[in-house]
Amino acid sequence: MTENQTFPVTVTLESGPTGGGSIDDLELFYSRRALDRFRTRLGRQGLLDLLAADIEEGNAFLRESALASDGTFEAGTTVLATRGLNSADFLAWMERAFAGDETALLAAHPEHYVMAPGTDGAFNVVENIGPHVCSFFMGGWGTDAMAWAADAPELLPESDFPHKMSSNLFLADGTVVGRALTQFGDTADGFTASLTVYVPTTCPPEVLEHHLRHYAVEFRNWIVVAAAARG
């Protein structure tokens with residue numbers, strides 16, 4: 001080995017804890033527990049106060065991107081395959097959660113800060129869009145409000161994906177800053193979720209890429225909780 005030659009460092013857990021899992025699994029558990037403690041202690045308004053400047057900056061980014069894009073959006077889709085749970089059971093859990101279980105909705109992703117019904121019936125979400133913390137609303141989420149998506153190439157065949165939901169994503173001033181289209185279809189041993197997000201075309205590529213990752217994390221966790229709730 002030469003003086004400057006280096007090798008990757010690896011660390012494995014050989015003995016000690018009896019609960020099983022890797023060191024990464026242990027870190028994830030403690031990270032989630034710490035995050036839940038901060039969310040609980042701060043509460044919804046405390047989080048909003050803490051993130052006020054970030055939200056103002058993030059919303060300004062989305063508004064400027066939407067105006068510069070002149071109503072055009074770029075789509076990306078995350079596809080998840082689930083075994084051991086059907087789409088009807090999952091969507092029934094989702095409906096209950098979105099009707100009032102904010103704790104379960106927040107727990108699905110570290111960058112969920114607020115997920116709650118708004119005063120006018122729209123659903124308020126405060127989360128990261130790419131690197132930006134944003135506060136936006138989903139109108140019609142949980143319904144078959146498919147008018148804008150009727151000609152979208154991402155729309156999958158009704159026979160394979162009969163459960164479809166869509167929404168415009170808009171700021172408090174009404175500016176449409178994105179769209180969401182989720183489609184679910186049962187398979188022989190579970191279901192497939194096709195999760196499409198639309199962001200303004202002038203957004204940097206990282207914004208779309210990170211939201212596709214965001215989808216993977218939050219929906220995987222919601223599916224796992226839904227399955228556990230079913231028993």
# chains A, B, ... in the order shown; residues from 1 in each chain; ligands from 1
call {"tool": "residues_around", "arguments": {"residues": "region 38-41 of chain A", "least_positions_apart": "6", "cutoff": "12 Å", "atoms": "only C-alpha atoms", "output": "list in words"}}
result
Ser31, Arg32, Leu47, Leu48, Leu50, Glu102, Thr103, Leu106, Ala107, Pro110, Glu111, His112, Tyr113 and Val114 of chain A
call {"tool": "write_last_selection", "arguments": {"atoms": "C-alpha atoms", "output": "mmCIF file, in the first residue's frame"}}
result
data_model
loop_
_atom_site.group_PDB
_atom_site.id
_atom_site.type_symbol
_atom_site.label_atom_id
_atom_site.label_comp_id
_atom_site.auth_asym_id
_atom_site.auth_seq_id
_atom_site.Cartn_x
_atom_site.Cartn_y
_atom_site.Cartn_z
ATOM 1 C CA SER A 31 -33.688 10.257 14.674
ATOM 2 C CA ARG A 32 -37.416 9.675 14.330
ATOM 3 C CA LEU A 47 -43.205 25.140 13.808
ATOM 4 C CA LEU A 48 -44.817 27.807 11.634
ATOM 5 C CA LEU A 50 -39.847 28.877 13.610
ATOM 6 C CA GLU A 102 -52.038 14.917 11.405
ATOM 7 C CA THR A 103 -49.581 12.991 13.589
ATOM 8 C CA LEU A 106 -46.357 14.205 9.651
ATOM 9 C CA ALA A 107 -44.520 11.084 10.777
ATOM 10 C CA PRO A 110 -38.807 14.246 8.277
ATOM 11 C CA GLU A 111 -39.591 17.317 6.144
ATOM 12 C CA HIS A 112 -43.335 17.337 6.883
ATOM 13 C CA TYR A 113 -44.113 20.313 9.115
ATOM 14 C CA VAL A 114 -47.871 20.922 8.775
#
call {"tool": "select_by_dssp", "arguments": {"residues": "region 15-83 of chain A", "states": "alpha helix (DSSP H)", "output": "ChimeraX atom specification"}}
result
/A:23-50,52-69
call {"tool": "residues_around", "arguments": {"residues": "region 118-128 of chain A", "least_positions_apart": "4", "cutoff": "9 Å", "atoms": "only C-alpha atoms", "output": "list in words"}}
result
Leu48, Ile55, Gly58, Phe98, Glu111, His112, Tyr113, Val114, His132, Val133, Cys134, Ser135, Phe136, Phe137, Met138, Gly139, Gly140, Trp141, His211 and His214 of chain A
call {"tool": "atom_distance", "arguments": {"atom1": "CA of Val79 (chain A)", "atom2": "CA of Thr192 (chain A)"}}
result
7.1 Å
call {"tool": "atom_distance", "arguments": {"atom1": "CA of Arg96 (chain A)", "atom2": "CA of His163 (chain A)"}}
result
16.3 Å
call {"tool": "closest_atom_pairs", "arguments": {"of": "region 24-79 of chain A", "to": "region 145-154 of chain A", "cutoff": "9 Å", "atoms": "only C-alpha atoms", "output": "tab-separated table"}}
result
residue	atom	partner	partner_atom	distance
A:Ala75	CA	A:Glu154	CA	8.2
A:Gly76	CA	A:Glu154	CA	8.9
A:Thr77	CA	A:Glu154	CA	8.2
call {"tool": "residues_around", "arguments": {"residues": "Leu62 (chain A)", "least_positions_apart": "4", "cutoff": "10 Å", "atoms": "only C-alpha atoms", "output": "PyMOL selection string"}}
result
chain A and resi 57-58+66-68+129+132+134-136+170-171+175-178+199-200+202-203
call {"tool": "residues_around", "arguments": {"residues": "Tyr215 (chain A)", "least_positions_apart": "4", "cutoff": "12 Å", "atoms": "only C-alpha atoms", "output": "NGL selection string"}}
result
:A and (76-80 or 108-109 or 111-112 or 127-130 or 180-182 or 193-197 or 208-211 or 219-223)
call {"tool": "write_last_selection", "arguments": {"atoms": "C-alpha atoms", "output": "tab-separated table (two decimals), in the first residue's frame"}}
result
chain	number	residue	atom	x	y	z
A	76	GLY	CA	-41.95	13.13	-12.86
A	77	THR	CA	-43.30	9.86	-11.50
A	78	THR	CA	-42.32	7.58	-8.65
A	79	VAL	CA	-43.72	4.02	-8.84
A	80	LEU	CA	-44.03	1.86	-5.73
A	108	ALA	CA	-44.17	9.79	7.22
A	109	HIS	CA	-41.38	12.21	6.31
A	111	GLU	CA	-39.59	17.32	6.14
A	112	HIS	CA	-43.34	17.34	6.88
A	127	GLU	CA	-43.04	20.75	3.58
A	128	ASN	CA	-39.92	20.89	1.49
A	129	ILE	CA	-40.22	21.30	-2.26
A	130	GLY	CA	-36.65	20.47	-3.21
A	180	ALA	CA	-50.24	16.07	-8.17
A	181	LEU	CA	-51.66	12.95	-9.80
A	182	THR	CA	-51.75	9.67	-7.88
A	193	ALA	CA	-48.86	3.21	-6.77
A	194	SER	CA	-47.97	5.62	-9.59
A	195	LEU	CA	-47.20	8.98	-7.99
A	196	THR	CA	-46.74	11.92	-10.34
A	197	VAL	CA	-45.78	15.46	-9.38
A	208	LEU	CA	-38.29	17.52	-9.28
A	209	GLU	CA	-35.73	14.86	-8.36
A	210	HIS	CA	-36.03	15.51	-4.65
A	211	HIS	CA	-39.81	15.42	-4.74
A	219	PHE	CA	-45.84	6.83	0.68
A	220	ARG	CA	-43.70	3.87	1.76
A	221	ASN	CA	-44.16	4.92	5.38
A	222	TRP	CA	-47.89	5.56	4.98
A	223	ILE	CA	-48.32	2.13	3.38
call {"tool": "closest_residue", "arguments": {"among": "A:Leu26, A:Val207, A:Leu51, A:Met94", "to": "Glu74 (chain A)", "atoms": "only C-alpha atoms"}}
result
A:Val207
call {"tool": "closest_residue", "arguments": {"among": "A:Ala116, A:Gln5, A:Gly174, A:Thr72", "to": "Arg44 (chain A)", "atoms": "only C-alpha atoms"}}
result
A:Ala116
call {"tool": "residues_around", "arguments": {"residues": "Ala226 (chain A)", "least_positions_apart": "6", "cutoff": "10 Å", "atoms": "only C-alpha atoms", "output": "list in words"}}
result
Leu85, Asp89, Phe90, Leu91, Ala92, Trp93, Met94, Ala97, Ala104 and Arg220 of chain A
call {"tool": "select_by_dssp", "arguments": {"residues": "region 16-219 of chain A", "states": "strand (DSSP E or B)", "output": "ChimeraX atom specification"}}
result
/A:73-83,112-117,123-129,132-139,163-170,176-186,190-200
call {"tool": "atom_distance", "arguments": {"atom1": "CA of Pro117 (chain A)", "atom2": "CA of Leu155 (chain A)"}}
result
26.8 Å
